[in-house]
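Visitor: Once you've had a glance at the structure underneath, I'll fire off some questions.
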Amino acid sequence: MFVQVKLLQGYQKSLTYKVPESWDNNNLVGSIITVPLKNKVVPALVISTCKYLPEQVSYVIKEAVAKDVLPPDKYYSSFIKNISSFYFSPQKLFYNRIRKFVHTKELAPRGQNPGGQHTSQARSSNIQKIELTNEQQTVVDYTNPIITNPTYSPTLLHGVTGSGKTEIYKKIISHSVEQNKSVIFLLPEVSLSMQFEQIFLRQLPSNIPVFSFHSATRVKDKKLLWQNLLEKKPCLIVGVHLPVMLPIANLGCIIVDEEHELGFQEKKHPKINSKEIAIWRAKHYNIPIILGSATPSINSLHNTSKHGWKLFKLTKRFSGSFPAIKTVPITKQANGQKNSFRKNFWITKELESAIADRLLKKEQILIYLNRRGYSFFVQCKKCGHTFLCPNCSVSLTLHKGADKVHKLCCHYCDYKQDNPTSCSECKAGSKELLKRGIGTQQIVTILQDLFPHAKIARADLDTTKKKRLWGETVEKFENGEIDILVGTQTITKGYHFPRVTLVGIIWADLNVHFPVFNAAETTLQKLIQVAGRAGRQSENSLVIAQIMHDHPIFNYLNEENYLEFCKEEMGFRKETCYPPYGRFVQIEIKHVDSKKIDHDTQEIFNVLHRACEQHKLDVSILGPSKPLIYRIQKTEIRHIFLKAKSFKEIYFLLNSLYKNFPQSIQSTVFVVPT
């Protein structure tokens, strides 16, 4: 018996090896084996088997060395094959990702535990029993039978902020493990995964193994999880992208929390969407999937009305009351006068007064601004020059370091330079250099000046990258040791801060005019989510949204009106054939040479256009175009967009492209989920 394999890394063509006589030859296709290559042993994916040696082989056939032991998941090979086909990416890419992650070396220094606890640590079994509301119990009564007798049943849980979705998740997880089945629990970012891991470790029965599987997970815990999967023991696996790619023999249910979030979309090749993959996997494995959110995506809401998804609504908060919402113009006071008498332009009198009131009452405050750093950019007012990144097509953002020294930084390639003392173009002095815009760092400085006795902390990508430090910040805020927490979208997702009675949104319309079809939806979702952190255990809470310009979405900031916005937005999407009423695909082309990428992108456009005309496909081809950020780390980027009512025609067109265009062109396909 012989096998044809593709190396997981390196050499692209298939190679042939002899199968050792001691091996079981059943189910070899799709398995990972190690094979000799020159003077080393490397992993490879088996793509086919044959009884006789192929005639065209011109090299000495060596014998395979060993088989990687994978958890016995009978659906896994076909699942990976389907994903590979959809994303036009080789299967080995997906196998290699999991294998590399499981076998990676420990990076965290001794004594640090960025990935949280693992199951072998002591856990309490004296968990306070919580009585579910009627709305919560209805969901559990529906999901339990379809877990016991598995069936594919996508269920959307639309629960307002603070309505107790986590209590439902805990019941579903407990029931699944009782049925000897494992659960995947997906969240849109690592910091939130760490938070939920700790919640489940504290609140689930001690006999339920809880594992994390993400970039902050310790190698020791990854290996514990892998051994658990090999032994087919039921468990809970918490993460962002990776859990849905694991082979799991006894997978019984998938839960996707904050299902509306864009964090499920991977940024690197292949650009899979973990939520979409989770839905596919549930269908492929014929198991239930539960998707929860206080602001469900328009696509998911559409699926409940058109594609048979089950919809449950939690309309009441578990405790506390919805906050009062107030929008305040930044540029003018409510009486129409210019606010030159304010202490700071970015903090209106209304917000300043509300913060002072909450501090006096010993209550907590969240301040939200979806922009990190100190200022957006530095510009010379004499010649207009803006300091740009030499590697990326973005302006450099002013940051204040831990040593209080300002630096200009790129958020895309991490390039840094000292804060300029003169203009690099006209040589004007530092007095001529203006700091434009605002970031979370500057907001912290402003608040420290306004409220010198308040304890203030910051939560943005700069801080949450340090997983252990971020965990400590959250814990301190939960314990009341921090008065004001300033953050970006990190603080909009899923956190339960019971002492927060005021949320201030510094610049609510910052992203609403971003040039993408769903800008209004994603902006409103973030605003409602951050507003929902207020009043979790209070009857008197407030949200102040500061705005530069008015926009229709501010009519829906009260989350009880969210579905009205969705209904209006769906009308716009239907007219323009954007998802969920059509399929939208972005092709991204990359190259270091700007002339070559422009030539290749035009050639790709021509191939698509000819195929579209030849096969009479009803597909709109938009582009080629430069994205707003068209160069990252000295690599140029171009986009072509495909839009159609049916994905079938788009897929046919993409297939034609990959058959007729050189593979030397680095391109990826990003499919907007439906």
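Residues in the structure tokens are numbered from 1 in each chain, the chains being A, B, ... in the order shown, and ligands are numbered from 1 in the order shown.
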Per DSSP on the backbone, what are the strand (DSSP E) residues of range 330-564 of chain A, as an NGL selection string?

Guide: :A and (364-368 or 377-380 or 397-400 or 406-409 or 416-418 or 433-436 or 456-459 or 484-487 or 500-505 or 542-547)

Visitor: With C-alpha atoms retained, export the selected residues as a PDB file, in the first residue's frame.

Guide:
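Once written, result31.pdb looks like this:
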```pdb
ATOM      1  CA  GLN A 364     -18.373  53.594  38.640  1.00  0.00           C
ATOM      2  CA  ILE A 365     -18.047  55.087  35.173  1.00  0.00           C
ATOM      3  CA  LEU A 366     -17.188  53.673  31.746  1.00  0.00           C
ATOM      4  CA  ILE A 367     -15.855  56.060  29.103  1.00  0.00           C
ATOM      5  CA  TYR A 368     -15.891  54.743  25.522  1.00  0.00           C
ATOM      6  CA  PHE A 377      -2.046  62.238  13.911  1.00  0.00           C
ATOM      7  CA  VAL A 378       0.422  65.116  14.067  1.00  0.00           C
ATOM      8  CA  GLN A 379       0.200  67.808  11.381  1.00  0.00           C
ATOM      9  CA  CYS A 380       2.242  70.896  10.585  1.00  0.00           C
ATOM     10  CA  THR A 397      -0.665  57.979  15.937  1.00  0.00           C
ATOM     11  CA  LEU A 398       0.750  59.859  18.889  1.00  0.00           C
ATOM     12  CA  HIS A 399       1.165  57.630  21.971  1.00  0.00           C
ATOM     13  CA  LYS A 400       2.431  58.350  25.446  1.00  0.00           C
ATOM     14  CA  HIS A 406       5.517  60.670  23.501  1.00  0.00           C
ATOM     15  CA  LYS A 407       6.161  58.598  20.386  1.00  0.00           C
ATOM     16  CA  LEU A 408       4.568  58.323  16.964  1.00  0.00           C
ATOM     17  CA  CYS A 409       3.383  54.750  16.329  1.00  0.00           C
ATOM     18  CA  LYS A 416       7.787  53.820  16.068  1.00  0.00           C
ATOM     19  CA  GLN A 417       9.655  57.104  16.008  1.00  0.00           C
ATOM     20  CA  ASP A 418      10.311  59.833  18.531  1.00  0.00           C
ATOM     21  CA  LEU A 433       2.940  70.944  15.026  1.00  0.00           C
ATOM     22  CA  LEU A 434      -0.703  70.300  15.855  1.00  0.00           C
ATOM     23  CA  LYS A 435      -2.043  67.209  17.583  1.00  0.00           C
ATOM     24  CA  ARG A 436      -5.212  66.299  15.682  1.00  0.00           C
ATOM     25  CA  ILE A 456      -8.613  55.825  36.334  1.00  0.00           C
ATOM     26  CA  ALA A 457      -7.533  52.906  34.128  1.00  0.00           C
ATOM     27  CA  ARG A 458      -7.448  52.243  30.393  1.00  0.00           C
ATOM     28  CA  ALA A 459      -8.664  49.256  28.335  1.00  0.00           C
ATOM     29  CA  ILE A 484     -13.319  55.258  35.769  1.00  0.00           C
ATOM     30  CA  LEU A 485     -12.432  52.768  33.033  1.00  0.00           C
ATOM     31  CA  VAL A 486     -11.597  54.287  29.640  1.00  0.00           C
ATOM     32  CA  GLY A 487     -11.640  51.939  26.684  1.00  0.00           C
ATOM     33  CA  VAL A 500     -21.406  51.038  36.643  1.00  0.00           C
ATOM     34  CA  THR A 501     -24.149  53.679  36.591  1.00  0.00           C
ATOM     35  CA  LEU A 502     -22.729  56.036  33.955  1.00  0.00           C
ATOM     36  CA  VAL A 503     -21.438  55.391  30.441  1.00  0.00           C
ATOM     37  CA  GLY A 504     -19.921  58.289  28.529  1.00  0.00           C
ATOM     38  CA  ILE A 505     -19.403  57.927  24.775  1.00  0.00           C
ATOM     39  CA  LEU A 542     -27.335  57.182  32.500  1.00  0.00           C
ATOM     40  CA  VAL A 543     -25.661  57.058  29.083  1.00  0.00           C
ATOM     41  CA  ILE A 544     -24.350  60.288  27.560  1.00  0.00           C
ATOM     42  CA  ALA A 545     -23.486  59.999  23.855  1.00  0.00           C
ATOM     43  CA  GLN A 546     -21.469  62.973  22.595  1.00  0.00           C
ATOM     44  CA  ILE A 547     -21.855  63.552  18.851  1.00  0.00           C
TER      45      ILE A 547
END
```

Visitor: Once DSSP has gone over the backbone, tell me which residues of range 211-331 of chain A are in alpha helix (DSSP H), as a PyMOL selection string.

Guide: chain A and resi 219-230+274-285+298-306

Visitor: Just to be explicit: take each residue in the selection above, keep C-alpha atoms, and write the result as a PDB file, in the first residue's frame.

Guide:
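part31.pdb written:
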```pdb
ATOM      1  CA  VAL A 219       0.948  24.905  26.216  1.00  0.00           C
ATOM      2  CA  LYS A 220       0.369  22.726  29.267  1.00  0.00           C
ATOM      3  CA  ASP A 221      -3.376  23.327  29.018  1.00  0.00           C
ATOM      4  CA  LYS A 222      -3.455  22.741  25.264  1.00  0.00           C
ATOM      5  CA  LYS A 223      -1.904  19.331  25.822  1.00  0.00           C
ATOM      6  CA  LEU A 224      -4.416  18.565  28.579  1.00  0.00           C
ATOM      7  CA  LEU A 225      -7.227  19.445  26.189  1.00  0.00           C
ATOM      8  CA  TRP A 226      -5.732  17.318  23.402  1.00  0.00           C
ATOM      9  CA  GLN A 227      -5.473  14.318  25.730  1.00  0.00           C
ATOM     10  CA  ASN A 228      -9.074  14.889  26.804  1.00  0.00           C
ATOM     11  CA  LEU A 229     -10.175  14.835  23.146  1.00  0.00           C
ATOM     12  CA  LEU A 230      -8.187  11.664  22.449  1.00  0.00           C
ATOM     13  CA  SER A 274     -15.478  31.452  12.691  1.00  0.00           C
ATOM     14  CA  LYS A 275     -19.192  32.048  13.211  1.00  0.00           C
ATOM     15  CA  GLU A 276     -19.967  30.950   9.669  1.00  0.00           C
ATOM     16  CA  ILE A 277     -17.724  27.900  10.050  1.00  0.00           C
ATOM     17  CA  ALA A 278     -19.464  27.049  13.329  1.00  0.00           C
ATOM     18  CA  ILE A 279     -22.848  27.057  11.565  1.00  0.00           C
ATOM     19  CA  TRP A 280     -21.470  24.815   8.817  1.00  0.00           C
ATOM     20  CA  ARG A 281     -20.015  22.449  11.374  1.00  0.00           C
ATOM     21  CA  ALA A 282     -23.282  22.204  13.287  1.00  0.00           C
ATOM     22  CA  LYS A 283     -25.073  21.351  10.054  1.00  0.00           C
ATOM     23  CA  HIS A 284     -22.392  18.859   8.975  1.00  0.00           C
ATOM     24  CA  TYR A 285     -22.444  17.134  12.384  1.00  0.00           C
ATOM     25  CA  ILE A 298     -29.253  41.641  10.501  1.00  0.00           C
ATOM     26  CA  ASN A 299     -28.148  38.493   8.666  1.00  0.00           C
ATOM     27  CA  SER A 300     -29.109  36.276  11.611  1.00  0.00           C
ATOM     28  CA  LEU A 301     -32.450  38.036  12.096  1.00  0.00           C
ATOM     29  CA  HIS A 302     -33.135  37.501   8.396  1.00  0.00           C
ATOM     30  CA  ASN A 303     -32.369  33.790   8.813  1.00  0.00           C
ATOM     31  CA  THR A 304     -35.053  33.501  11.501  1.00  0.00           C
ATOM     32  CA  SER A 305     -37.724  34.799   9.150  1.00  0.00           C
ATOM     33  CA  LYS A 306     -36.562  33.247   5.858  1.00  0.00           C
TER      34      LYS A 306
END
```

Visitor: Given only C-alpha atoms as the basis, pick out the residue of A:Tyr651, A:Phe312, A:Tyr76, A:Trp470 nearest to Leu156 in chain A.

Guide: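 Between A:Tyr651, A:Phe312, A:Tyr76, A:Trp470, the residue approaching Leu156 in chain A most closely is A:Phe312.
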
Visitor: Pick out the residues sitting within 8 Å of Ile208 in chain A, and hand them over as a PyMOL selection string; count only C-alpha atoms, and ignore anything fewer than 6 positions along from it in its own chain.

Guide: chain A and resi 174+177+234-236

Visitor: So that I can check the surroundings of range 518-530 of chain A, please list as number ranges by chain every protein, DNA and RNA residue that reaches within 10 Å of it, counting only C-alpha atoms and ignoring chain neighbours fewer than 6 positions away.

Guide: A: 160-161, 258, 260-262, 293-298, 366-368, 370, 488-495, 503-505, 508-512, 543, 545, 551-554, 556-560, 562, 565-566, 569, 573, 578-579

Visitor: Those selected residues, please, written with C-alpha atoms and delivered as an mmCIF file, in the first residue's frame.

Guide:
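Saved as again-v9.cif:
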```cif
data_model
loop_
_atom_site.group_PDB
_atom_site.id
_atom_site.type_symbol
_atom_site.label_atom_id
_atom_site.label_comp_id
_atom_site.auth_asym_id
_atom_site.auth_seq_id
_atom_site.Cartn_x
_atom_site.Cartn_y
_atom_site.Cartn_z
ATOM 1 C CA VAL A 160 -31.201 42.495 25.906
ATOM 2 C CA THR A 161 -28.080 43.490 27.841
ATOM 3 C CA GLU A 258 -21.873 38.127 20.803
ATOM 4 C CA HIS A 260 -22.996 40.000 15.756
ATOM 5 C CA GLU A 261 -19.339 40.858 16.325
ATOM 6 C CA LEU A 262 -16.838 41.327 13.490
ATOM 7 C CA SER A 293 -26.531 38.684 21.258
ATOM 8 C CA ALA A 294 -28.216 41.792 22.624
ATOM 9 C CA THR A 295 -27.837 43.257 19.123
ATOM 10 C CA PRO A 296 -28.129 40.291 16.729
ATOM 11 C CA SER A 297 -26.800 40.767 13.229
ATOM 12 C CA ILE A 298 -29.253 41.641 10.501
ATOM 13 C CA LEU A 366 -17.188 53.673 31.746
ATOM 14 C CA ILE A 367 -15.855 56.060 29.103
ATOM 15 C CA TYR A 368 -15.891 54.743 25.522
ATOM 16 C CA ASN A 370 -13.171 53.685 19.610
ATOM 17 C CA THR A 488 -12.224 51.129 23.037
ATOM 18 C CA GLN A 489 -14.564 48.422 21.712
ATOM 19 C CA THR A 490 -12.933 45.952 24.119
ATOM 20 C CA ILE A 491 -15.291 47.172 26.857
ATOM 21 C CA THR A 492 -18.437 46.908 24.709
ATOM 22 C CA LYS A 493 -18.600 43.119 24.727
ATOM 23 C CA GLY A 494 -20.228 40.926 27.325
ATOM 24 C CA TYR A 495 -18.707 42.250 30.529
ATOM 25 C CA VAL A 503 -21.438 55.391 30.441
ATOM 26 C CA GLY A 504 -19.921 58.289 28.529
ATOM 27 C CA ILE A 505 -19.403 57.927 24.775
ATOM 28 C CA ALA A 508 -20.512 58.437 19.094
ATOM 29 C CA ASP A 509 -20.586 59.118 15.325
ATOM 30 C CA LEU A 510 -16.849 58.451 14.800
ATOM 31 C CA ASN A 511 -17.326 55.321 12.632
ATOM 32 C CA VAL A 512 -20.830 55.732 11.270
ATOM 33 C CA VAL A 543 -25.661 57.058 29.083
ATOM 34 C CA ALA A 545 -23.486 59.999 23.855
ATOM 35 C CA HIS A 551 -27.415 60.617 12.330
ATOM 36 C CA PRO A 552 -30.592 58.484 12.163
ATOM 37 C CA ILE A 553 -29.016 55.707 14.261
ATOM 38 C CA PHE A 554 -29.221 57.919 17.338
ATOM 39 C CA TYR A 556 -32.363 53.820 18.178
ATOM 40 C CA LEU A 557 -29.790 54.092 20.973
ATOM 41 C CA ASN A 558 -32.375 52.726 23.380
ATOM 42 C CA GLU A 559 -31.845 49.014 22.787
ATOM 43 C CA GLU A 560 -35.560 48.309 23.074
ATOM 44 C CA TYR A 562 -33.057 47.980 18.026
ATOM 45 C CA PHE A 565 -33.594 49.964 13.174
ATOM 46 C CA CYS A 566 -33.004 46.488 11.728
ATOM 47 C CA GLU A 569 -31.880 48.851 7.458
ATOM 48 C CA ARG A 573 -30.164 46.283 1.946
ATOM 49 C CA TYR A 578 -26.435 43.717 -0.073
ATOM 50 C CA PRO A 579 -26.427 40.873 2.494
#
```

Visitor: Which residues of range 62-95 of chain A come within 10 Å of range 10-21 of chain A, and what is each one's closest atom pair and distance in Å (one decimal), counting only C-alpha atoms, sorted by chain and residue number, as CSV?

Guide:
```
residue,atom,partner,partner_atom,distance
A:Lys62,CA,A:Tyr17,CA,5.5
A:Glu63,CA,A:Lys18,CA,4.5
A:Ala64,CA,A:Val19,CA,5.9
A:Val65,CA,A:Pro20,CA,7.9
A:Ala66,CA,A:Pro20,CA,8.7
```

Visitor: Quick one: everything within 9 Å of range 339-354 of chain A, counting only C-alpha atoms, minus sequence neighbours fewer than 2 positions away in the same chain. Send it as an MDAnalysis selection string.

Guide: chainID A and resid 328:333 336:337 356:359 438 443 446:447 450 502 504 506:507 542 544:546

Visitor: Taking into account only C-alpha atoms, which residue in the set A:Leu192, A:Ile254, A:Ile621, A:Leu628 is nearest to Phe641 in chain A?

Guide: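 Checking each of A:Leu192, A:Ile254, A:Ile621, A:Leu628 against Phe641 in chain A, counting only C-alpha atoms, the winner is A:Ile621.
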
Visitor: In Å, with one decimal, what is the gap from CA of Ile199 in chain A to CA of Val444 in chain A?

Guide: 28.8 Å

Visitor: Show me, as a VMD selection string, the residues that have an atom within 8 Å of Pro72 in chain A when counting only C-alpha atoms, minus same-chain residues fewer than 4 positions from it.

Guide: chain A and resid 230 232 247 to 249
